[in-house]
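See below for the structure under consideration.
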Amino acid sequence: MRTSAYGSWPSPIDAALAAAHDGHPEYVGFVGDEAWWTEPRPTEGGRRTLVRRRADGSEESVLPAPWNVRSRVIEYGGQPWAGTVQDGQPLVVFVNFTDQRLYRYKPGSEPEPLTPVSPVGGGLRWAEPQVRPDLVEVWCVLEEFTGEGPDEVRRVLAAVPLDRSAAEDRHAVRELTDDRHRFVSGPRVSPDGRKAAWLAWDHPRMPWDGTELLLAEVADDGTFGEPRTVAGGPEESIAQVDWGFDGSLLYASDRTGWWNLYRDHQPLCAREEEFGGPLWKLGQRWFAPLESGPIAVVHGRGATSLGLLDPETGEVVDAAGPWTEFASTLAVNGERIVGVGAGPRSAYEVVELDTRTGRARVIGAAHDDPVDPAHYPEPQIRIFTGPAGRDIHAHIYPPHSPSWGARGDELPPYVIWAHGGPTSRAPLVLDLEIAYFTSRGIGVAEVNYGGSTGHGREYRNRLREQWGVVDVEDCAAVALALADEGTADRARLAVRGGSAGGWTSAASLVTTDVYACGTIIYPVLDLANWATGETHDFESRYLETLVGPLAGVPARYAERSPVEHADRVTAPFLLMQGLADVICPPVQCERFLERMRGRQVPHAYLAFEGEGHGFRRADTMVRALEAELSLYAQVFGIDPPGVPTLELTK
């Protein structure tokens with residue numbers, strides 16, 4: 001084995017390779033007996049396509065560029081498609097990202113619009129479509145902007161005619177509910193068609209704080225009766241609702257502190273683990289009932305498995321295989337279950353479990369090693385001790401190469417990754433962006449700081465009114481522990497993150513001296529302005545939980561905002577932003593940079609045209625990864641081969 005300084009090892013995992021493998025399949029479903037799903041296409045402008053798996057096992061992208069199957073409801077989107085079989089052929093409805101219209105599509109023909117374009121504000125948006133052939137309608141969530149402001153919006157459940165009579169006529173859309181609630185999820189209809197159940201919540205709650213489970217009678221003509229609340233509340237989060245084939249009401253509630261499953265309000269499997277999660281996108285599914293009685297579940301504590309729950313005994317049998325993490329998407333057809341799973345050595349792929357045989361296999365988006373897996377990192381699951389003795393969950397990815405090692409007693413640099421959300425978590429799966437660094441000799445530590453999901457409501461609530469404190473402390477505690485135990489070089493620690501992770505990165509540079517540099521990606525930087533109009537409606541009151549009510553604690557907003565304390569930043573940093581981002585808009589970065597002017601701190605700002613909240617285009621991701629590595633190279637004193645130099649200004 002050859003030796004070279006950490007961070008300078010040659011690696012076959014370049015930025016283009018990592019970018020090409022970014023993203024994963026989502027929103028699985030069945031059209032007849034065929035499994036369908038969406039997939040990213042980073043090299044095609046970052047669009048998402050719809051993929052069909054035919055009976056012979058072949059895969060086909062059914063919608064060519066420029067069609068982009070993606071909803072913008074609540075900006076994070078949701079289930080963008082649904083399908084059925086009509087006259088022996090697939091009939092699919094989907095949301096096209098560019099115009100947000102709902103389209104119907106039959107293979108072999110061009111998509112036809114079902115909904116109109118609105119010139120008002122953000123227009124008309126749709127999510128969670130469900131084809132109702134009996135009513136010749138599509139039932140879905142409608143998000144309708146009534147003005148130009150991000151908060152001038154209403155959301156209802158609506159029925160769109162399949163005959164295209166609403167393609168140019170908003171009034172032809174039939175509203176199933178009123179807009180008494182700010183947010184709603186798509187309705188789930190009982191097997192006999194007589195009842196509909198859905199979730200709703202209102203500001204200032206986020207769906208993981210408290211939701212209501214609503215129930216309404218459905219008449220023969222598809223009209224809804226007066227809805228009533230049957231579960232949930234301000235301090236109880238219902239993550240998902242559905243119906244058993246026997247007509248029983250199924251839902252995931254965290255009333256015990258953990259998202260567990262309930263049938264007709266009785267617990268099915270009381271465990272200190274999660275059978276649900278944070279509803280960041282409408283239509284996420286952690287469970288799906290089978291007609292034979294069992295329930296497919298995505299469940300776990302700190303990680304997720306695909307299992308089969310026997311509702312009579314409460315026993316869960318997990319699918320065997322290499323997958324240690326399953327995404328919150330499920331579909332069932334007969335005795336077949338389809339989900340999306342990944343592991344430390346494989347990216348997300350579409351997995352089918354046959355409950356009759358117990359066999360699980362990959363049926364789509366199969367992971368294909370683009371390089372020798374010997375170059376992949378070998379992660380460790382760790383629990384660190386933070387302030388006041390609290391546990392901090394983390395994944396540690398030490399530098400790793402099959403051909404290169406370090407010289408002498410040199411300690412490696414480490415980058416602390418703060419995930420977004422912040423009510424989310426970092427899953428333990430193969431990520432070529434992480435491998436991009438570890439294969440060159442730079443360690444990565446993903447920190448599931450207090451406030452992260454997967455460890456119950458108590459762990460989640462650690463961040464209440466403590467954003468910018470607990471997340472920063474926990475990341476710093478992991479970084480310093482790695483240095484103290486001799487795993488990382490204390491002088492070569494960095495912090496990085498995007499969105500809420502970008503906030504944590506910036507706040508860490510403002511309030512600690514732990515890091516030699518930082519990477520800040522599409523961040524929140526100015527709390528007061530973000531809370532008063534500089535973000536979208538979904539998260540516009542999020543800070544009341546994370547920080548506190550602005551009117552009650554204005555000094556706290558000022559004290560924690562990096563933009564107010566740019567004078568405290570002394571470490572070099574890289575700031576990256578999408579110019580089409582409406583969640584964390586560019587003005588926050590621009591304000592921060594203006595405060596940094598003349599301070600003689602080396603930094604770079606990369607702004608990307610056409611990118612929103614989360615980079616999706618391959619060329620953007622390549623530029624971002626190479627710039628980040630160049631920052632570390634300059635600050636840590638390393639020389640990675642073949643990486644363009646990022647110009648740092650003062």
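Numbering starts fresh at 1 for the residues of each chain in the structure tokens, the chains themselves are lettered A, B, ... in the order given, and ligands are numbered from 1 as they appear.
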List as a Markdown table every residue of stretch 549-607 of chain A that is in contact with stretch 73-95 of chain A, defined as an atom at most 10 Å from one of its atoms (using only C-alpha atoms), together with the nearest atom pair and the distance in Å rounded to one decimal, sorted by chain and then rising number.
| residue | atom | partner | partner_atom | distance |
| --- | --- | --- | --- | --- |
| A:Asp581 | CA | A:Glu75 | CA | 9.8 |
| A:Val582 | CA | A:Glu75 | CA | 8.2 |
| A:Ile583 | CA | A:Glu75 | CA | 7.6 |
For the residues selected in the previous step, produce a file with all heavy atoms as a PDB file, in the first residue's frame.
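Now in out06.pdb:
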ATOM      1  N   ASP A 581     -34.445  29.531  -5.293  1.00  0.00           N
ATOM      2  CA  ASP A 581     -34.867  28.968  -4.011  1.00  0.00           C
ATOM      3  C   ASP A 581     -35.878  29.890  -3.335  1.00  0.00           C
ATOM      4  O   ASP A 581     -35.563  31.045  -3.031  1.00  0.00           O
ATOM      5  CB  ASP A 581     -33.636  28.786  -3.112  1.00  0.00           C
ATOM      6  CG  ASP A 581     -33.907  27.941  -1.877  1.00  0.00           C
ATOM      7  OD1 ASP A 581     -35.078  27.777  -1.500  1.00  0.00           O
ATOM      8  OD2 ASP A 581     -32.921  27.454  -1.278  1.00  0.00           O
ATOM      9  N   VAL A 582     -37.099  29.394  -3.098  1.00  0.00           N
ATOM     10  CA  VAL A 582     -38.106  30.198  -2.400  1.00  0.00           C
ATOM     11  C   VAL A 582     -38.245  29.783  -0.939  1.00  0.00           C
ATOM     12  O   VAL A 582     -38.975  30.417  -0.182  1.00  0.00           O
ATOM     13  CB  VAL A 582     -39.485  30.091  -3.097  1.00  0.00           C
ATOM     14  CG1 VAL A 582     -39.417  30.632  -4.503  1.00  0.00           C
ATOM     15  CG2 VAL A 582     -40.000  28.651  -3.086  1.00  0.00           C
ATOM     16  N   ILE A 583     -37.556  28.721  -0.544  1.00  0.00           N
ATOM     17  CA  ILE A 583     -37.602  28.268   0.853  1.00  0.00           C
ATOM     18  C   ILE A 583     -36.544  29.001   1.674  1.00  0.00           C
ATOM     19  O   ILE A 583     -36.844  29.561   2.739  1.00  0.00           O
ATOM     20  CB  ILE A 583     -37.410  26.741   0.916  1.00  0.00           C
ATOM     21  CG1 ILE A 583     -38.580  26.043   0.212  1.00  0.00           C
ATOM     22  CG2 ILE A 583     -37.288  26.266   2.365  1.00  0.00           C
ATOM     23  CD1 ILE A 583     -38.423  24.551   0.059  1.00  0.00           C
TER      24      ILE A 583
END
Selection near A:Tyr414, 9 Å with only C-alpha atoms, sequence-local residues under 3 positions removed, as a ChimeraX atom specification
/A:398-399,442-445,479,482,487-490,492-495
How would the residues just picked look written out with C-alpha atoms as a tab-separated table (two decimals), in the first residue's frame?
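Writing the result to again20.tsv gives the following:
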chain	number	residue	atom	x	y	z
A	398	PRO	CA	-13.29	7.19	8.49
A	399	PRO	CA	-10.96	7.83	5.55
A	442	ILE	CA	-11.02	13.05	4.56
A	443	GLY	CA	-13.29	11.63	7.26
A	444	VAL	CA	-16.99	12.44	7.51
A	445	ALA	CA	-19.22	12.40	10.60
A	479	ALA	CA	-16.15	16.81	16.51
A	482	LEU	CA	-13.26	12.48	17.61
A	487	THR	CA	-9.57	9.78	15.45
A	488	ALA	CA	-9.48	13.28	13.93
A	489	ASP	CA	-6.98	16.12	13.70
A	490	ARG	CA	-8.19	18.84	16.09
A	492	ARG	CA	-8.45	20.24	10.74
A	493	LEU	CA	-12.14	20.03	11.54
A	494	ALA	CA	-14.81	21.46	9.24
A	495	VAL	CA	-18.59	21.72	9.39
I need the residues of stretch 550-643 of chain A that end up classed as alpha helix (DSSP H) by DSSP on the backbone, written out as a VMD selection string.
chain A and resid 554 to 560 586 to 596 618 to 636
Within 7 Å of stretch 312-326 of chain A, counting only C-alpha atoms, which residues qualify if same-chain residues fewer than 5 places away don't, as a count of residues only?
14
Give me the residues within 10 Å of stretch 136-145 of chain A as a ChimeraX atom specification, counting only C-alpha atoms and dropping any in the same chain fewer than 3 places off.
/A:72-74,78-80,82,93,102,104,114,118-133,148-164,173-176,182-188,222,282
Out of stretch 300-465 of chain A, which residues get strand (DSSP E or B) from DSSP, as an MDAnalysis selection string?
chainID A and resid 300 305:309 316:318 325:333 336:343 346:354 359:364 380:385 391:397 404:405 414:418 443:448
I'd like the neighbourhood of A:Thr649 as JSON, numbers by chain, where a residue qualifies if any of its atoms comes within 8 Å (using only C-alpha atoms), though same-chain residues fewer than 5 positions away should be ignored.
{"A": [601, 602, 603, 604]}
Counting only C-alpha atoms, which residues of stretch 453-492 of chain A sit at most 7 Å from some atom of stretch 545-551 of chain A, and what is each one's closest atom pair with its distance in Å to one decimal, listed by chain and rising residue number, as CSV?
residue,atom,partner,partner_atom,distance
A:Leu463,CA,A:Leu546,CA,6.2
A:Arg464,CA,A:Leu546,CA,4.8
A:Glu465,CA,A:Val547,CA,3.8
A:Gln466,CA,A:Val547,CA,6.0
A:Trp467,CA,A:Leu546,CA,5.3
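Nearest residue to A:Val429, choosing from A:Ile337, A:Ile416, A:Val69, A:Ile396 and counting only C-alpha atoms: A:Ile396.
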Env of stretch 3-19 of chain A: 10 Å cut, atoms = only C-alpha atoms, seq-sep filter 4 positions within chain, self excluded. Answer as a PyMOL selection string.
chain A and resi 23+42-43+370-372+375-376+399-408+410-414+431-443+615-626+629+632-633+636-643
